[in-house]
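Chemist: Would you mind keeping the following structure in view while I ask a few things?
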Amino acid sequence: MEFLDLITNALVSGVALGSIYALLALGLSITFGVLHIPNVAHPALMIAGAYAVVFANARGLDPIVAALLLTVPFYALGIVFYEFYARAFEKRGRGNTLQSLTLFFGVSLVIEIALVVAFGTDLRSVEVPYVGRSLEFGIVLLPYRFLVPALLAPVVILALWLYMTRTYSGLALRAVAHDDRALSISGVNPVSIKRHAFGIATALAVLAGAALVITGPVDPFAGRVQIGRVFAIVVLAGLGSIPGTLVAAILIGIAEALVTAFLSPSWAPGVAFAILLGTLAIRPSGLFGAR
Amino acid sequence: MTISRRDFGKLAGGVSAGLATPAAWTSARAQNQPIRVGCTVSQTGALASTKNSLIGYELWRDDINAAGGLLGRKIELVVYDDQSAPAQVPSIYSKLIDVDKVDFLFSPYGANLTATMMPLAKQRDRLVVGILTLASNDRLRHDKFFQAAPWGPNGADDWARGFFDLAKAQGIKKIAIVAADTEFSKTAAAGGRRVSESMGMEVVGYDIYPPTLNDFSSILRNLRSRQPEAIFLCSYPPDSTAMVRGLSEIGVANSVRLFGGAMVGPQYASLLQSLGQNLNGIVNFHLYVPEPTLKFPGIEGFLQKYEVKAKEANVDPLGFYIPPFCYAAGQIISEGIKATGSTDQAVVSKWLHENPVSTIVGQIRFNDIGDWTERRVLMAQFQGVRGNDVNQFRQAGKQVVLDPPALKSGEFVPFRQARA
C-alpha cells in the first residue's frame with residue numbers, strides 16, 4: 001500500500017511538474033527551436049514576468065489573469081528586443097551562435113540587475129487562496145500550487161499549436177525556420193515573421209513566470225537554475241516541436257519525481273540530461289524533431 | 001671655495017631638516033588619514049539577499065565617525081560586490097590589501113566565499129573579522145581571525161546542537177535529517193548526524209537534495225513512512241518555503257514532535273510574511289529575536305536606525321539576522337583599537353584574544369582560533385503567529401527562545417499542538 005501510494009503520487013506529481021516545465025520551455029522552443037536563436041535570456045525574462053505578476057498580484061489581481069494581461073506588453077517588449085538583435089547582428093551578418101550567446105547572456109545579466117535595483121533581492125511570492133492546500137483524490141494528494149499552473153500549460157500549448165498549424169502567420173512562422181529565402185519569394189517578410197515569433201516567445205515568458213511564482217517564491221537570479229533544464233527539454237522534444245515540448249517535459253518531470261521518491265533526490269537534476277543523452281544517441285533530432 | 005665649520009653645520013642641519021620633512025609630513029598625514037576597513041558584500045548573485053549587511057557596516061562607521069572617529073581618525077569603508085562568486089573573492093581581497101591599502105578586513109558573507117580568502121589573509125597576516133562564516137578557520141588556525149557570529153567553539157559539529165539538546169530533553173529517539181546539497185547545509189547535516197548518534201538517537205533518514213529540486217512532496221512522503229519523532233531540516237530559502245508549504249499540503253507523520261533546526265529563510269521578513277502562521281510549531285535557528293532575554297545594550301537603537309535605511313535600500317525590513325552581527329564585527333575592531341590605542345594588527349589581535357568585547361549582540365570572548373568561547377545560536381519556536389503581518393515578528397512571544405538555557409524566553413510546545 002505504501003509503495004502504491006508513493007508511486008501513484010510520484011507519477012501524478014511528475015506529470016504536474018512536467019507540465020509546468022513545458023510552460024517554462026515553450027518560449028525557448030520558439031526562439032531556439034524555430035528561430036535557432038540561442039536565447040539564454042529566456043529564463044531571466046521569465047523571472048521578469050514573475051516579478052510583473054507579483055507586482056500585479058500585490059494590487060489584487062489573480063496571478064494567471066495578471067499574466068494573461070501582461071502578455072501584451074511582453075509581446076511588445078519581445079518585438080523591440082528582436083529588432084535590436086536583428087539590427088545589431090542579423091542585418092550585419094553577425095548572427096552566429098557564439099555572438100548571439102554573448103548578447104543574450106549579457107541581456108540576462110542586465111535583466112537580473114534591473115530587477116535587483118527595482119525590487120531588491122528578497123524572495124517574492126504571490127498571495128493566492130489555494131497555496132497551502134491540496135487536491136485529495138483517493139490516495140492522490142496534489143498541491144494546488146502545482147495543479148493550477150500544470151493545467152495552464154496544456155491549454156497554452158494547444159492554443160499555440162492550433163495557431164501554428166491552422167493560421168497563415170503560424171504557418172509562416174514554421175516556414176521561416178526551414179527556409180526564410182523561400183518565404184520572402186512567396187511575398188512574406190521573414191524579418192517581420194521572426195519579430196512576431198520573438199514577441200510570442202517573450203509573451204510566453206510571462207505565463208511561465210506566473211507558473212513559477214505560483215509554485216514557489218522567486219528572486220532576481222532564480223532563472224539561472226532553469227537554464228539547463230529548459231534547453232534539455234527543447235532539444236529532447238526536437239527543435240521546434242510544440243507538442244513534443246509537452247511530452248519531453250512530462251517525461252523529465254516523471255523521471256525526476258520517480259528518482260526523488262525511490263532513489264535519491266540528489267540524482268534528480270541529472271535525470272533530464274541522462275534522458276537527453278540517451279535519446280540523442282538513438283534519435284539525434286530529438287523525440288519529435290524532423291529527421 | 002672653502003666651507004667653514006659653522007657653515008658646514010648649518011648646511012648639514014638644513015639637509016637633515018629637508019630630508020626629515022617628507023617623513024614627518026607623511027607620518028602626520030597618515031595620522032590624519034582614515035582607518036580603512038575593506039570587504040566584499042554579495043550585492044548580486046545567489047547571496048544578494050545578504051546585501052543588507054552593508055547597512056550594518058555603514059551604521060557602525062557612521063556611529064564611530066559621529067563620535068569623533070578612532071584615535072582621531074575617521075573610519076572609511078572600502079566595499080566591492082563579489083557577485084556571490086567564490087572565484088571573484090581572492091582577487092578582490094588582494095586588491096583591498098595591495099591597492100586600497102586597507103587596515104582591517106571583514107570577510108565576505110558565509111563559509112563558501114570566506115574559504116577562498118582565508119589563505120591570503122593568513123599569508124599577509126591580516127586581521128579579519130568573519131561574517132557568519134562557519135568553521136572557516138578550523139584548519140588554517142590564523143591567529144588574527146575573529147568570528148562575528150555566535151557559532152561557538154567546534155561550530156561545524158555543534159552550532160545547531162541546541163536542536164538536539166531539545167530533542168533529547170523531549171525523549172526523542174528517532175530523527176530524520178534532510179539537507180540541501182550545499183556546503184553550509186551539508187556541514188550542518190553531517191554535524192547533526194554525529195551529535196544525534198552520540199546522544200543515542202536513531203537516524204531513520206538522511207536525505208541530501210539538490211538546490212534545484214522543485215517538488216518536495218516525495219521527500220515528505222518518504223519521511224512520513226519512516227515515522228521520525230524529529231526532523232532536522234537544513235535548507236535554503238526557496239526549499240524552506242517549499243517544505244513549510246508541504247507541511248500543510250502533504251503533511252508529516254503524527255509521530256513528529258520537533259521540526260526545523262537549520263532552515264535558512266525564516267529569518268527574513270519576506271518569508272515570514274509569505275509563510276505566516278504556517279510557521280507555527282517550527283523550531284529553528286536564529287541569531288537574534290526580539291525576546292526580553294536578548295535586550296543587549298544598543299541593539300534596539302540599532303534596529304530602529306536599520307529600519308529607516310532598509311526602507312530606502314529596499315532590503316529586509318526586520319534585519320534581525322545579519323546586520324546586527326556586521327555592526328558587531330565593526331565593534332570588534334573599534335573596541336580593539338580603542339583599548340590598545342593602536343591600529344597595529346598584532347597588538348589589536350592580542351588584545352582581542354585576551355579580553356571580552358562588548359557589542360550590540362552581547363559580550364563576546366574569543367578562543368585561540370577566534371571563535372566565540374560559548375555557543376549562542378538561538379533555537380526559537382514560532383508560536384502564536386497569526387496571518388501574514390510582518391510587524392508581529394517585531395514583538396516578543398512570536399519566536400520564543402528555547403535554547404540556550406541562559407536566554408530561554410518560553411516553553412517548548414510539541415509540533416502538532418503548536419500548529420493546532
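The way I read the labels, and the way they are meant: chains A, B, ... in the order of the C-alpha cells, residue 1 as the first residue of every chain, and ligand 1 as the first ligand shown, with later ones counted on from there.
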Could you tell me, as a list in words, which residues of range 145-214 of chain B DSSP assigns to strand (DSSP E or B) when given the backbone?
Modeler: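 DSSP-assigned strand (DSSP E or B) residues in range 145-214 of chain B: Phe145, Phe146, Gln147, Lys174, Ile175, Ala176, Ile177, Val178, Ala179, Ala180, Glu202, Val203, Val204, Gly205, Tyr206, Asp207, Ile208 and Tyr209 of chain B.
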Chemist: So that I can see what lies close to Ser255 in chain B, please list as a PyMOL selection string the residues with an atom at most 7 Å from it, counting only C-alpha atoms and leaving out residues fewer than 3 positions away in the same chain.
Modeler: chain B and resi 227-229
Chemist: Determine which residues of range 82-283 of chain A receive a DSSP assignment of helix (DSSP H, G or I), computed from the backbone, and state them as a VMD selection string.
Modeler: chain A and resid 82 to 88 90 to 92 97 to 119 144 to 166 168 to 178 180 to 185 190 to 215 222 to 237 242 to 262 265 to 282
Chemist: Give me, as a tab-separated table, each residue of chain A that comes within 9 Å of chain B, together with its shortest interatomic pair and the distance in Å at one decimal, counting only C-alpha atoms, with rows ordered by chain and rising residue number.
Modeler:
residue	atom	partner	partner_atom	distance
A:Glu2	CA	B:Ser225	CA	7.6
A:Asp5	CA	B:Arg221	CA	8.8
A:Leu6	CA	B:Arg221	CA	7.1
A:Asn9	CA	B:Ser218	CA	7.8
A:Ala10	CA	B:Ser218	CA	6.5
A:Ser13	CA	B:Asp215	CA	7.8
A:Gly14	CA	B:Asp215	CA	8.8
A:Leu17	CA	B:Asp215	CA	7.6
A:Glu112	CA	B:Thr44	CA	8.5
A:Ile113	CA	B:Thr44	CA	7.3
A:Val116	CA	B:Thr44	CA	7.6
A:Val117	CA	B:Asn314	CA	8.6
A:Ala118	CA	B:Asn314	CA	8.5
A:Phe119	CA	B:Asn314	CA	6.9
A:Gly120	CA	B:Asn314	CA	5.3
A:Thr121	CA	B:Ser49	CA	4.9
A:Asp122	CA	B:Ser49	CA	5.5
A:Leu123	CA	B:Ser270	CA	6.3
A:Arg124	CA	B:Ser270	CA	7.0
A:Ser125	CA	B:Ser274	CA	7.0
A:Val126	CA	B:Ser274	CA	8.1
A:Glu127	CA	B:Ser274	CA	7.8
A:Val131	CA	B:Arg245	CA	7.8
A:Gly132	CA	B:Arg245	CA	5.4
A:Arg133	CA	B:Glu249	CA	5.1
A:Ser134	CA	B:Glu249	CA	5.2
A:Leu135	CA	B:Glu249	CA	8.7
A:Leu141	CA	B:Ile250	CA	6.8
A:Leu142	CA	B:Glu249	CA	7.7
A:Pro143	CA	B:Glu249	CA	5.7
A:Tyr144	CA	B:Glu249	CA	8.5
A:Phe146	CA	B:Asp215	CA	8.8
A:Thr215	CA	B:Asn214	CA	8.3
A:Gly216	CA	B:Ala242	CA	6.6
A:Pro217	CA	B:Pro238	CA	6.3
A:Val218	CA	B:Pro238	CA	7.5
A:Asp219	CA	B:Ala46	CA	8.6
A:Pro220	CA	B:Gly45	CA	8.4
A:Phe221	CA	B:Gly45	CA	6.3
A:Ala222	CA	B:Ala46	CA	8.2
A:Val225	CA	B:Thr212	CA	6.1
A:Gln226	CA	B:Thr212	CA	8.1
A:Glu256	CA	B:Leu213	CA	8.9
A:Ala257	CA	B:Ser218	CA	7.1
A:Leu258	CA	B:Ser218	CA	8.4
A:Thr260	CA	B:Ser218	CA	6.4
A:Ala261	CA	B:Ser218	CA	5.0
A:Phe262	CA	B:Ser218	CA	8.7
A:Ser264	CA	B:Asp207	CA	7.3
A:Pro265	CA	B:Tyr209	CA	4.7
A:Ser266	CA	B:Tyr209	CA	4.7
A:Trp267	CA	B:Pro210	CA	8.0
A:Ala268	CA	B:Leu213	CA	7.4
A:Pro269	CA	B:Thr212	CA	7.1
Chemist: Take the residues from that selection and put them in a file with N, CA and C atoms, as a compact mmCIF listing (two decimals), in the first residue's frame.
Modeler:
# COMPACT_ATOMS: atom_id res chain seq x y z
N GLU A 2 1.94 1.17 0.83
CA GLU A 2 2.85 2.31 0.92
C GLU A 2 3.54 2.55 -0.43
N ASP A 5 1.08 4.00 -2.87
CA ASP A 5 0.89 5.42 -2.53
C ASP A 5 2.04 6.26 -3.08
N LEU A 6 3.25 5.76 -2.86
CA LEU A 6 4.45 6.52 -3.30
C LEU A 6 4.49 6.64 -4.82
N ASN A 9 1.57 8.79 -6.36
CA ASN A 9 1.77 10.22 -6.12
C ASN A 9 2.98 10.76 -6.88
N ALA A 10 4.03 9.92 -7.00
CA ALA A 10 5.22 10.36 -7.76
C ALA A 10 4.84 10.59 -9.22
N SER A 13 2.61 13.74 -9.44
CA SER A 13 3.46 14.94 -9.23
C SER A 13 4.36 15.15 -10.44
N GLY A 14 4.87 14.06 -10.99
CA GLY A 14 5.77 14.15 -12.14
C GLY A 14 5.07 14.74 -13.35
N LEU A 17 4.53 18.43 -12.59
CA LEU A 17 5.81 19.13 -12.67
C LEU A 17 6.26 19.27 -14.13
N GLU A 112 18.58 40.81 -14.69
CA GLU A 112 18.74 40.47 -13.26
C GLU A 112 19.07 41.71 -12.42
N ILE A 113 20.02 42.50 -12.93
CA ILE A 113 20.43 43.68 -12.17
C ILE A 113 19.28 44.69 -12.11
N VAL A 116 17.05 43.60 -9.43
CA VAL A 116 17.63 43.87 -8.10
C VAL A 116 17.42 45.34 -7.75
N VAL A 117 17.70 46.22 -8.71
CA VAL A 117 17.57 47.66 -8.45
C VAL A 117 16.12 48.04 -8.18
N ALA A 118 15.22 47.46 -8.97
CA ALA A 118 13.81 47.85 -8.85
C ALA A 118 13.11 47.22 -7.64
N PHE A 119 13.42 45.96 -7.36
CA PHE A 119 12.64 45.24 -6.34
C PHE A 119 13.48 44.75 -5.16
N GLY A 120 14.78 44.90 -5.22
CA GLY A 120 15.61 44.36 -4.15
C GLY A 120 15.88 42.89 -4.36
N THR A 121 16.51 42.28 -3.37
CA THR A 121 16.96 40.89 -3.57
C THR A 121 16.14 39.88 -2.78
N ASP A 122 15.14 40.35 -2.06
CA ASP A 122 14.34 39.41 -1.26
C ASP A 122 13.52 38.49 -2.16
N LEU A 123 13.17 37.33 -1.60
CA LEU A 123 12.29 36.42 -2.33
C LEU A 123 10.90 37.05 -2.44
N ARG A 124 10.27 36.88 -3.58
CA ARG A 124 8.92 37.43 -3.78
C ARG A 124 7.95 36.29 -4.09
N SER A 125 6.77 36.39 -3.57
CA SER A 125 5.78 35.35 -3.87
C SER A 125 4.40 36.00 -4.06
N VAL A 126 3.46 35.18 -4.51
CA VAL A 126 2.10 35.71 -4.73
C VAL A 126 1.15 35.20 -3.64
N GLU A 127 0.12 35.97 -3.43
CA GLU A 127 -0.91 35.58 -2.47
C GLU A 127 -2.09 35.01 -3.25
N VAL A 131 -2.80 28.29 -2.35
CA VAL A 131 -1.46 27.87 -1.90
C VAL A 131 -1.55 27.35 -0.47
N GLY A 132 -0.94 26.18 -0.23
CA GLY A 132 -1.00 25.57 1.10
C GLY A 132 -2.11 24.52 1.20
N ARG A 133 -2.90 24.37 0.10
CA ARG A 133 -3.95 23.34 0.10
C ARG A 133 -3.69 22.34 -1.00
N SER A 134 -4.29 21.17 -0.87
CA SER A 134 -4.05 20.11 -1.86
C SER A 134 -5.36 19.52 -2.37
N LEU A 135 -5.31 19.00 -3.57
CA LEU A 135 -6.44 18.24 -4.10
C LEU A 135 -6.28 16.80 -3.60
N LEU A 141 -2.60 12.99 -3.58
CA LEU A 141 -2.62 14.27 -2.86
C LEU A 141 -1.73 15.22 -3.66
N LEU A 142 -2.35 16.18 -4.34
CA LEU A 142 -1.56 17.06 -5.20
C LEU A 142 -1.78 18.52 -4.78
N PRO A 143 -0.70 19.23 -4.39
CA PRO A 143 -0.86 20.63 -4.01
C PRO A 143 -1.42 21.47 -5.17
N TYR A 144 -2.35 22.36 -4.83
CA TYR A 144 -2.96 23.21 -5.85
C TYR A 144 -1.92 24.13 -6.51
N PHE A 146 0.80 23.36 -7.59
CA PHE A 146 1.33 22.66 -8.76
C PHE A 146 0.22 22.41 -9.78
N THR A 215 4.21 28.32 -7.92
CA THR A 215 4.76 27.11 -7.26
C THR A 215 5.68 27.45 -6.10
N GLY A 216 6.37 28.59 -6.16
CA GLY A 216 7.27 28.95 -5.06
C GLY A 216 7.81 30.35 -5.25
N PRO A 217 8.45 30.89 -4.21
CA PRO A 217 8.95 32.27 -4.33
C PRO A 217 10.13 32.37 -5.29
N VAL A 218 10.35 33.56 -5.82
CA VAL A 218 11.46 33.77 -6.75
C VAL A 218 12.31 34.95 -6.28
N ASP A 219 13.56 34.94 -6.68
CA ASP A 219 14.41 36.13 -6.52
C ASP A 219 14.96 36.48 -7.90
N PRO A 220 15.65 37.61 -8.05
CA PRO A 220 16.06 38.01 -9.41
C PRO A 220 16.95 36.99 -10.13
N PHE A 221 17.57 36.09 -9.38
CA PHE A 221 18.51 35.15 -10.00
C PHE A 221 17.93 33.75 -10.15
N ALA A 222 16.64 33.61 -9.88
CA ALA A 222 16.02 32.28 -9.87
C ALA A 222 16.00 31.64 -11.26
N VAL A 225 18.82 28.62 -12.41
CA VAL A 225 18.71 27.17 -12.18
C VAL A 225 17.85 26.49 -13.24
N GLN A 226 17.12 27.27 -14.02
CA GLN A 226 16.22 26.66 -15.02
C GLN A 226 16.87 26.53 -16.39
N GLU A 256 12.15 12.67 -12.85
CA GLU A 256 12.66 13.36 -11.65
C GLU A 256 11.89 12.93 -10.40
N ALA A 257 10.57 12.87 -10.53
CA ALA A 257 9.73 12.52 -9.36
C ALA A 257 10.01 11.09 -8.91
N LEU A 258 10.16 10.16 -9.88
CA LEU A 258 10.41 8.76 -9.51
C LEU A 258 11.79 8.60 -8.87
N THR A 260 13.44 10.91 -7.26
CA THR A 260 13.39 11.51 -5.93
C THR A 260 12.71 10.57 -4.94
N ALA A 261 11.65 9.91 -5.39
CA ALA A 261 10.88 9.05 -4.48
C ALA A 261 11.60 7.75 -4.17
N PHE A 262 12.25 7.15 -5.17
CA PHE A 262 12.75 5.78 -4.98
C PHE A 262 14.27 5.65 -4.94
N SER A 264 17.40 8.68 -5.01
CA SER A 264 17.88 9.75 -4.14
C SER A 264 17.58 11.08 -4.80
N PRO A 265 17.12 12.06 -4.02
CA PRO A 265 16.83 13.38 -4.62
C PRO A 265 18.06 13.98 -5.29
N SER A 266 19.26 13.61 -4.81
CA SER A 266 20.50 14.16 -5.39
C SER A 266 20.63 13.83 -6.87
N TRP A 267 20.04 12.71 -7.28
CA TRP A 267 20.19 12.29 -8.66
C TRP A 267 19.22 13.00 -9.60
N ALA A 268 18.21 13.65 -9.03
CA ALA A 268 17.13 14.21 -9.86
C ALA A 268 17.61 15.19 -10.94
N PRO A 269 18.52 16.13 -10.64
CA PRO A 269 18.91 17.09 -11.69
C PRO A 269 19.61 16.44 -12.88
Chemist: Can you pull out every residue within 8 Å of Val390 in chain B, counting only C-alpha atoms, but drop anything in the same chain fewer than 2 positions away, and send it as a PyMOL selection string?
Modeler: chain B and resi 269+272-273+388+392-394
